[in-house]
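A short write-up of the structure that comes next.
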Amino acid sequence: MIHIELQKGVFVVVGSAYSPGPMLVGKKAVVTGGSQGIGAAIVRAFASHGAAVLVVDVAPLSDVEFDSAAGGSINHLDYDVRAQEVPVALTEFAPDVLVNNVGHFLNPPTSFTGTDPGFWSEAGNINFDHVVRLTHALLPGMIDRGTGGSIVNLTTVEAHRAIPGHTMYSAYKAALTQFTRSLGVEIGRTGVRVNAIAPDLIESVQVPYRTIVSADDWDKWPGWAPLGGPGQPVDIAGPALFLASDLARYITGTVIHVDGGSHAAGGWFPTEEGGWTNRPRKA
Ligand SMILES: NC(=O)c1ccc[n+]([C@@H]2O[C@H](COP(=O)([O-])OP(=O)(O)OC[C@H]3O[C@@H](n4cnc5c(N)ncnc54)[C@H](O)[C@@H]3O)[C@@H](O)[C@H]2O)c1
């Protein structure tokens, strides 16, 4: 097992990271938006690995089935992350891990010129402001307890490429990515790590691919994601568990792309002839 020690004013990791068994025993985790979708899969993974998880969500828990052998638990706090006040119950919970998962593109594709200040601030609040607020409220405790910790922010592939019609979503998610990088570096010596996951193409409540992709188009998935698709919330839960655990003890300020390869493809598509193209197939 590994643990973190303060040696000559610097936090150092002692021991081997490759311990067998559950990875979050004795840890407390807050997961925002953990009632459904990606957040719910993260919650089940963390609890199955022994964490006491507090789900922060406006919706009730949808599926709390998890492997309880490692002593984990799941509780729910009904809280809208857009509220300006962070509840005392959250700071008192004193988490080791904070997953800032709530985020939304809010509207159908809309031209930027058709948006107004009210919408800009809504987009900022649901994708960025609450992450700053919650992190600012919970981070001092994580640092003061001196046992390290992990913050995992859910950004998007569109923080790294364009998404026409969702300019503000993309801009605020990119801000979240930079927040992750700079904060990770700034507090590195405290032993608290800050990383992000950039998903794409994950079936969830927000992106119900089985509804929005017609049956006729379903076999076109390999053109979207080199690994085929779509991905499932559990595909994000594994990387989140990794980042939260001591296996990622030397990782901070970075982004893991979990998207079936869509970010790497970067506009390259397989052709029907078995080759590749980065050119529009129709004018
Ligand atoms: N699904 C994808 O393919 C995909 C792609 C890119 C980025 N993401 C990001 O991943 C994260 C999770 O996405 P998802 O697809 O699982 O979303 P989802 O909409 O399916 O689930 C979001 C959860 O957050 C809760 N929630 C929403 N607003 C809230 C609020 N104001 N306060 C508290 N809880 C609130 C909802 O009740 C729900 O349980 C988001 O940040 C999203 O931007 C997802």
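Numbering starts fresh at 1 for the residues of each chain in the structure tokens, the chains themselves are lettered A, B, ... in the order given, and ligands are numbered from 1 as they appear.
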Within 8 Å of stretch 188-198 of chain A, counting only C-alpha atoms, which residues show up once you throw out same-chain ones fewer than 2 positions away? Write them as a ChimeraX atom specification, please.
-> /A:4,10-12,142-143,146-157,159,177,180-181,183-186,200,236,239-240,243,249,251-259
Those residues with C-alpha atoms, as a PDB file, in the first residue's frame please?
ATOM      1  CA  ILE A   4       1.579  10.274   1.518  1.00  0.00           C
ATOM      2  CA  VAL A  10       7.224  18.472   0.769  1.00  0.00           C
ATOM      3  CA  PHE A  11       4.567  15.790   0.346  1.00  0.00           C
ATOM      4  CA  VAL A  12       6.073  12.557  -0.942  1.00  0.00           C
ATOM      5  CA  MET A 142      -8.389  18.624   1.263  1.00  0.00           C
ATOM      6  CA  ILE A 143      -5.101  20.480   1.608  1.00  0.00           C
ATOM      7  CA  GLY A 146      -2.642  16.620   4.494  1.00  0.00           C
ATOM      8  CA  THR A 147      -3.501  13.226   3.075  1.00  0.00           C
ATOM      9  CA  GLY A 148      -3.504  14.185  -0.596  1.00  0.00           C
ATOM     10  CA  GLY A 149      -6.581  14.036  -2.760  1.00  0.00           C
ATOM     11  CA  SER A 150      -7.878  14.057  -6.298  1.00  0.00           C
ATOM     12  CA  ILE A 151     -10.128  16.401  -8.259  1.00  0.00           C
ATOM     13  CA  VAL A 152     -11.526  15.109 -11.558  1.00  0.00           C
ATOM     14  CA  ASN A 153     -13.278  17.548 -13.913  1.00  0.00           C
ATOM     15  CA  LEU A 154     -15.497  16.407 -16.800  1.00  0.00           C
ATOM     16  CA  THR A 155     -14.726  18.504 -19.858  1.00  0.00           C
ATOM     17  CA  THR A 156     -15.373  17.378 -23.450  1.00  0.00           C
ATOM     18  CA  VAL A 157     -13.672  16.639 -26.728  1.00  0.00           C
ATOM     19  CA  ALA A 159     -12.751  21.769 -25.396  1.00  0.00           C
ATOM     20  CA  THR A 177      -9.495  22.432 -19.054  1.00  0.00           C
ATOM     21  CA  THR A 180      -7.520  21.990 -14.403  1.00  0.00           C
ATOM     22  CA  ARG A 181      -4.000  22.488 -15.772  1.00  0.00           C
ATOM     23  CA  LEU A 183      -4.629  24.534 -10.536  1.00  0.00           C
ATOM     24  CA  GLY A 184      -2.970  21.120 -10.828  1.00  0.00           C
ATOM     25  CA  VAL A 185       0.411  22.788 -11.136  1.00  0.00           C
ATOM     26  CA  GLU A 186      -0.291  25.438  -8.504  1.00  0.00           C
ATOM     27  CA  ASP A 200     -17.172  12.076 -26.538  1.00  0.00           C
ATOM     28  CA  ILE A 236     -15.656   6.947 -18.219  1.00  0.00           C
ATOM     29  CA  PRO A 239     -10.516   6.346 -16.076  1.00  0.00           C
ATOM     30  CA  ALA A 240     -12.201   8.367 -13.286  1.00  0.00           C
ATOM     31  CA  LEU A 243      -7.449   9.301 -11.620  1.00  0.00           C
ATOM     32  CA  ARG A 249      -0.249   9.380  -7.982  1.00  0.00           C
ATOM     33  CA  ILE A 251      -0.463  12.542 -12.722  1.00  0.00           C
ATOM     34  CA  THR A 252      -1.752  16.090 -12.382  1.00  0.00           C
ATOM     35  CA  GLY A 253      -2.862  18.937 -14.643  1.00  0.00           C
ATOM     36  CA  THR A 254      -3.660  16.661 -17.552  1.00  0.00           C
ATOM     37  CA  VAL A 255      -6.595  15.462 -19.634  1.00  0.00           C
ATOM     38  CA  ILE A 256      -7.543  11.887 -20.506  1.00  0.00           C
ATOM     39  CA  HIS A 257      -9.479  11.642 -23.764  1.00  0.00           C
ATOM     40  CA  VAL A 258     -12.155   8.939 -23.504  1.00  0.00           C
ATOM     41  CA  ASP A 259     -13.876   9.099 -26.856  1.00  0.00           C
TER      42      ASP A 259
END
All residues within 6 Å of ligand 1 are required, counting only C-alpha atoms and all ligand atoms; please report them as an NGL selection string.
-> :A and (33-39 or 57-59 or 79-82 or 101-104 or 154-156 or 199-207)
Shortest interatomic distance to A:Gly223 - which of A:Gly267, A:Ser182, A:Val14, A:Ile187, counting only C-alpha atoms |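 Of all the options, A:Gly267 lies closest to A:Gly223.
Taking only C-alpha atoms into account, A:Ala70 lies nearest to A:Gly21 out of the set A:Gly21, A:Gly165, A:Pro87, A:Pro108.
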Interatomic distance, atom CA of A:Ala69 to atom CA of A:Leu241 (Å, one decimal) |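 Answer for the atom CA of A:Ala69 to atom CA of A:Leu241 separation: 16.9 Å.
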Can you list, as a PyMOL selection string, every protein, DNA or RNA residue that comes within 12 Å of A:Ser121 when you count only C-alpha atoms, leaving out same-chain residues fewer than 2 positions away?
-> chain A and resi 82+106+115-119+123-130+168-169+172
Output for the residues just chosen: N, CA, C and O atoms as a tab-separated table (two decimals), in the first residue's frame:
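After the write, selection.tsv holds the following:
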chain	number	residue	atom	x	y	z
A	82	ARG	N	-25.86	25.11	-9.39
A	82	ARG	CA	-25.87	26.50	-9.86
A	82	ARG	C	-26.11	27.49	-8.72
A	82	ARG	O	-25.93	28.69	-8.89
A	106	LEU	N	-26.95	22.64	-23.17
A	106	LEU	CA	-28.17	23.43	-22.94
A	106	LEU	C	-29.15	23.55	-24.11
A	106	LEU	O	-30.31	23.22	-23.98
A	115	THR	N	-27.60	34.30	-29.61
A	115	THR	CA	-27.60	34.13	-28.15
A	115	THR	C	-27.53	35.50	-27.48
A	115	THR	O	-27.21	36.50	-28.11
A	116	ASP	N	-27.81	35.52	-26.16
A	116	ASP	CA	-27.79	36.79	-25.44
A	116	ASP	C	-27.06	36.61	-24.10
A	116	ASP	O	-26.70	35.50	-23.73
A	117	PRO	N	-26.82	37.72	-23.39
A	117	PRO	CA	-26.05	37.63	-22.14
A	117	PRO	C	-26.65	36.66	-21.13
A	117	PRO	O	-25.92	36.01	-20.38
A	118	GLY	N	-27.98	36.56	-21.11
A	118	GLY	CA	-28.61	35.62	-20.18
A	118	GLY	C	-28.17	34.19	-20.47
A	118	GLY	O	-27.83	33.42	-19.57
A	119	PHE	N	-28.12	33.85	-21.75
A	119	PHE	CA	-27.68	32.51	-22.13
A	119	PHE	C	-26.19	32.30	-21.85
A	119	PHE	O	-25.78	31.24	-21.38
A	123	ALA	N	-24.79	29.29	-19.59
A	123	ALA	CA	-23.80	28.33	-20.08
A	123	ALA	C	-22.58	28.32	-19.17
A	123	ALA	O	-21.99	27.26	-18.90
A	124	GLY	N	-22.20	29.50	-18.70
A	124	GLY	CA	-21.03	29.59	-17.80
A	124	GLY	C	-21.31	28.93	-16.47
A	124	GLY	O	-20.47	28.22	-15.91
A	125	ASN	N	-22.52	29.12	-15.96
A	125	ASN	CA	-22.85	28.59	-14.64
A	125	ASN	C	-22.90	27.06	-14.64
A	125	ASN	O	-22.40	26.41	-13.73
A	126	ILE	N	-23.48	26.48	-15.68
A	126	ILE	CA	-23.67	25.02	-15.68
A	126	ILE	C	-22.39	24.29	-16.11
A	126	ILE	O	-22.22	23.10	-15.82
A	127	ASN	N	-21.48	24.97	-16.78
A	127	ASN	CA	-20.28	24.29	-17.28
A	127	ASN	C	-18.99	24.68	-16.57
A	127	ASN	O	-18.00	23.97	-16.68
A	128	PHE	N	-19.00	25.82	-15.89
A	128	PHE	CA	-17.72	26.27	-15.33
A	128	PHE	C	-17.82	26.85	-13.91
A	128	PHE	O	-17.10	26.41	-13.01
A	129	ASP	N	-18.73	27.81	-13.71
A	129	ASP	CA	-18.75	28.55	-12.44
A	129	ASP	C	-18.87	27.63	-11.22
A	129	ASP	O	-18.20	27.82	-10.21
A	130	HIS	N	-19.75	26.62	-11.31
A	130	HIS	CA	-19.96	25.77	-10.13
A	130	HIS	C	-18.73	24.94	-9.81
A	130	HIS	O	-18.48	24.60	-8.65
A	168	MET	N	-20.52	28.75	-26.80
A	168	MET	CA	-20.30	29.07	-25.38
A	168	MET	C	-19.98	27.81	-24.58
A	168	MET	O	-19.13	27.83	-23.68
A	169	TYR	N	-20.65	26.70	-24.90
A	169	TYR	CA	-20.35	25.42	-24.24
A	169	TYR	C	-18.88	25.07	-24.43
A	169	TYR	O	-18.15	24.77	-23.48
A	172	TYR	N	-16.54	27.48	-22.44
A	172	TYR	CA	-16.48	27.25	-20.99
A	172	TYR	C	-15.82	25.92	-20.65
A	172	TYR	O	-15.15	25.78	-19.64
Which residues come within 12 Å of A:Val88, counting only C-alpha atoms, excluding same-chain residues fewer than 5 positions away, as a PDB file with N, CA and C atoms, in the first residue's frame?
ATOM      1  N   LEU A  77     -27.274  14.010  -1.833  1.00  0.00           N
ATOM      2  CA  LEU A  77     -27.574  15.358  -1.362  1.00  0.00           C
ATOM      3  C   LEU A  77     -28.292  16.098  -2.479  1.00  0.00           C
ATOM      4  N   TYR A  79     -29.047  19.012  -4.252  1.00  0.00           N
ATOM      5  CA  TYR A  79     -28.453  20.360  -4.340  1.00  0.00           C
ATOM      6  C   TYR A  79     -28.247  20.717  -5.801  1.00  0.00           C
ATOM      7  N   PHE A  93     -18.601  17.052   4.995  1.00  0.00           N
ATOM      8  CA  PHE A  93     -18.369  15.681   4.516  1.00  0.00           C
ATOM      9  C   PHE A  93     -16.871  15.430   4.333  1.00  0.00           C
ATOM     10  N   ALA A  94     -16.128  16.503   4.027  1.00  0.00           N
ATOM     11  CA  ALA A  94     -14.665  16.463   3.948  1.00  0.00           C
ATOM     12  C   ALA A  94     -14.147  15.399   2.977  1.00  0.00           C
ATOM     13  N   LEU A 134     -17.311  25.034  -6.100  1.00  0.00           N
ATOM     14  CA  LEU A 134     -17.180  23.828  -5.271  1.00  0.00           C
ATOM     15  C   LEU A 134     -15.720  23.525  -4.960  1.00  0.00           C
ATOM     16  N   ALA A 137     -14.517  25.811  -2.324  1.00  0.00           N
ATOM     17  CA  ALA A 137     -15.073  25.492  -1.006  1.00  0.00           C
ATOM     18  C   ALA A 137     -14.439  24.245  -0.397  1.00  0.00           C
ATOM     19  N   LEU A 138     -14.125  23.249  -1.225  1.00  0.00           N
ATOM     20  CA  LEU A 138     -13.682  21.948  -0.686  1.00  0.00           C
ATOM     21  C   LEU A 138     -12.159  21.766  -0.676  1.00  0.00           C
TER      22      LEU A 138
END
Tell me which protein, DNA and RNA residues are within 7 Å of stretch 262-266 of chain A, counting only C-alpha atoms, leaving out same-chain ones fewer than 5 positions away, and put them as a PyMOL selection string.
-> chain A and resi 157+224-226
Step one, run DSSP on the backbone; step two, keep only residues of stretch 90-276 of chain A assigned to helix (DSSP H, G or I); then write them as JSON, numbers by chain.
-> {"A": [90, 91, 92, 93, 112, 113, 114, 117, 118, 119, 120, 121, 122, 123, 124, 125, 126, 127, 128, 129, 130, 131, 132, 133, 134, 135, 136, 137, 138, 139, 140, 141, 142, 143, 144, 145, 157, 158, 159, 167, 168, 169, 170, 171, 172, 173, 174, 175, 176, 177, 178, 179, 180, 181, 182, 183, 184, 185, 186, 188, 189, 190, 209, 210, 211, 212, 215, 216, 217, 218, 219, 220, 221, 222, 223, 224, 233, 234, 235, 236, 237, 238, 239, 240, 241, 242, 243, 244, 246, 247, 248, 262, 263, 264, 265]}
Write down as number ranges by chain the residues of stretch 48-247 of chain A whose backbone DSSP state falls under strand (DSSP E or B).
-> A: 52-57, 73-78, 97-100, 149-154, 192-199, 202, 231
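If you measure from each of A:Ala215, A:Val53, A:Ala83, A:Ala45 to A:Gly26 using only C-alpha atoms, the closest one turns out to be A:Val53.
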Between A:Ile212, A:Glu85, A:Val30, A:Ser111, which has the minimum distance to A:Leu139 (counting only C-alpha atoms)?
->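 Closest candidate: A:Val30.
The coordinates place atom CA of A:Pro233 at 16.4 Å from atom CA of A:Thr211.
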